[in-house]
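Participant: Mind having a look at this structure? Questions to follow.
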Amino acid sequence: GHWLILDSFVGEEMGVAELIETVVKPRLQHRYRNFVWEHIGDPQGSQREQSSSATTAVRVLRKTLGGKWRPGPRSLQERVEPLRGTLRQMRNGSGLVQVDRSNAKEVWYALRGGWHHHVARTGITSREPAKDMHSHPGDAMGYGAAVLFPLGTAQQRMKRLGIRQPSFMQASK
């Protein structure tokens, strides 16, 4: 009933293959044996890398870890709104999304305000979230929420249960 974020990995100064091989794969083998993986992420992961026309991040991911790949939506709004909706949901008295503060600290900090839009001194807010240390974990959560908890599904479930929709989920007339 909960969306558990147990670990997060952010690589600095390394490529996808190196991050997966040296950081992600050893952790998964140590903590999560015998799991079948499903990967969700940036649709740009299917684009070839600059260093090799035959290599893509998705190919490296699937070859190294196995599992199915599902791209998230490209549009920022299609990622942010499902994430907002998911973060507001409760299950058995606690939030639907549960983040391990020590093993997934990058996600924890991103969701506590690190992933944000830049506001200039003039008061103008940027259209895209700031590109900083929180952008990859924030984007990853948006892709995951959009695929696992799409707004249409949430709206249908709420309607069936007779729950009034929050304003961000209501269609404009």
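Labeling convention for the structure tokens: chains A, B, ... as they appear, residues from 1 per chain, ligands from 1 in order of appearance.
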Taking the DSSP secondary structure from the backbone, can you list the residues of region 1-169 of chain A that are strand (DSSP E or B), as a VMD selection string?
Facilitator: chain A and resid 3 to 5 38 to 41 48 to 49 52 to 56 68 to 71 90 to 91 94 to 95 97 to 99 117 to 119 125 to 129
Participant: Can you tell me which residues surround region 123-135 of chain A at a distance of at most 9 Å, considering only C-alpha atoms, apart from same-chain residues fewer than 6 positions away, and format the answer as a ChimeraX atom specification?
Facilitator: /A:10,76,106-107,109-111,113-117
Participant: Would you export the selected residues with N, CA, C and O atoms as a short mmCIF file (atom, residue, chain, number, x, y, z; two decimals), in the first residue's frame, please?
Facilitator:
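Saved file result-v9.cif follows:
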```
data_model
loop_
_atom_site.label_atom_id
_atom_site.label_comp_id
_atom_site.auth_asym_id
_atom_site.auth_seq_id
_atom_site.Cartn_x
_atom_site.Cartn_y
_atom_site.Cartn_z
N VAL A 10 23.04 8.76 -6.87
CA VAL A 10 23.32 9.88 -7.76
C VAL A 10 24.81 9.87 -8.03
O VAL A 10 25.62 9.90 -7.11
N LEU A 76 6.85 18.37 -18.12
CA LEU A 76 7.06 18.60 -16.69
C LEU A 76 5.75 18.50 -15.92
O LEU A 76 5.69 17.88 -14.87
N GLU A 106 19.18 11.63 -0.94
CA GLU A 106 19.07 12.54 -2.09
C GLU A 106 17.60 12.79 -2.43
O GLU A 106 17.20 13.92 -2.69
N VAL A 107 16.80 11.74 -2.40
CA VAL A 107 15.37 11.88 -2.66
C VAL A 107 14.70 12.61 -1.50
O VAL A 107 13.86 13.49 -1.71
N TYR A 109 15.88 14.86 0.55
CA TYR A 109 16.15 16.30 0.47
C TYR A 109 15.47 16.95 -0.74
O TYR A 109 14.98 18.08 -0.64
N ALA A 110 15.43 16.25 -1.86
CA ALA A 110 14.77 16.80 -3.05
C ALA A 110 13.29 17.05 -2.77
O ALA A 110 12.75 18.09 -3.14
N LEU A 111 12.63 16.10 -2.10
CA LEU A 111 11.19 16.22 -1.84
C LEU A 111 10.88 17.19 -0.70
O LEU A 111 9.73 17.58 -0.52
N GLY A 113 11.97 20.21 -0.54
CA GLY A 113 12.18 21.57 -1.03
C GLY A 113 13.42 21.76 -1.87
O GLY A 113 13.61 22.81 -2.48
N GLY A 114 14.28 20.76 -1.93
CA GLY A 114 15.49 20.89 -2.74
C GLY A 114 15.18 20.97 -4.22
O GLY A 114 15.82 21.72 -4.96
N TRP A 115 14.20 20.21 -4.66
CA TRP A 115 13.77 20.23 -6.06
C TRP A 115 12.75 21.35 -6.18
O TRP A 115 11.64 21.24 -5.67
N HIS A 116 13.14 22.44 -6.80
CA HIS A 116 12.31 23.63 -6.79
C HIS A 116 12.54 24.45 -8.06
O HIS A 116 13.50 24.22 -8.79
N HIS A 117 11.68 25.41 -8.26
CA HIS A 117 11.84 26.38 -9.35
C HIS A 117 12.65 27.56 -8.80
O HIS A 117 12.42 28.01 -7.68
#
```
Participant: Excluding same-chain residues fewer than 6 positions from Val80 (chain A), what lies within 12 Å of it counting only C-alpha atoms, as a list in words?
Facilitator: Gly72, Pro73, Arg74, Thr86, Leu87, Leu111, Trp115, His116, His117, Glu128, Pro129, Gly138, Asp139, Ala140, Met141, Gly142, Tyr143, Gly144, Ala145, Ala146, Val147, Phe149, Pro150, Leu151, Phe168 and Met169 of chain A
Participant: Going by DSSP on the backbone, which bits of region 70-161 of chain A are helix (DSSP H, G or I)? Write them as a ChimeraX atom specification, please.
Facilitator: /A:76-88,105-114,135-148,151-161
Participant: What's around region 28-37 of chain A at 6 Å? Count only C-alpha atoms, leave out sequence neighbours fewer than 2 positions away in its own chain, and write the answer as a count of residues only.
Facilitator: 3
Participant: Compile the contact shell of Met90 (chain A) as an NGL selection string: residues with an atom at most 12 Å away, counting only C-alpha atoms, same-chain residues fewer than 6 positions apart removed.
Facilitator: :A and (1-3 or 96-98)
Participant: Which one is closest to Trp69 (chain A): A:Asp42, A:Ala54, A:Leu4, A:Arg91? Count only C-alpha atoms.
Facilitator: A:Asp42
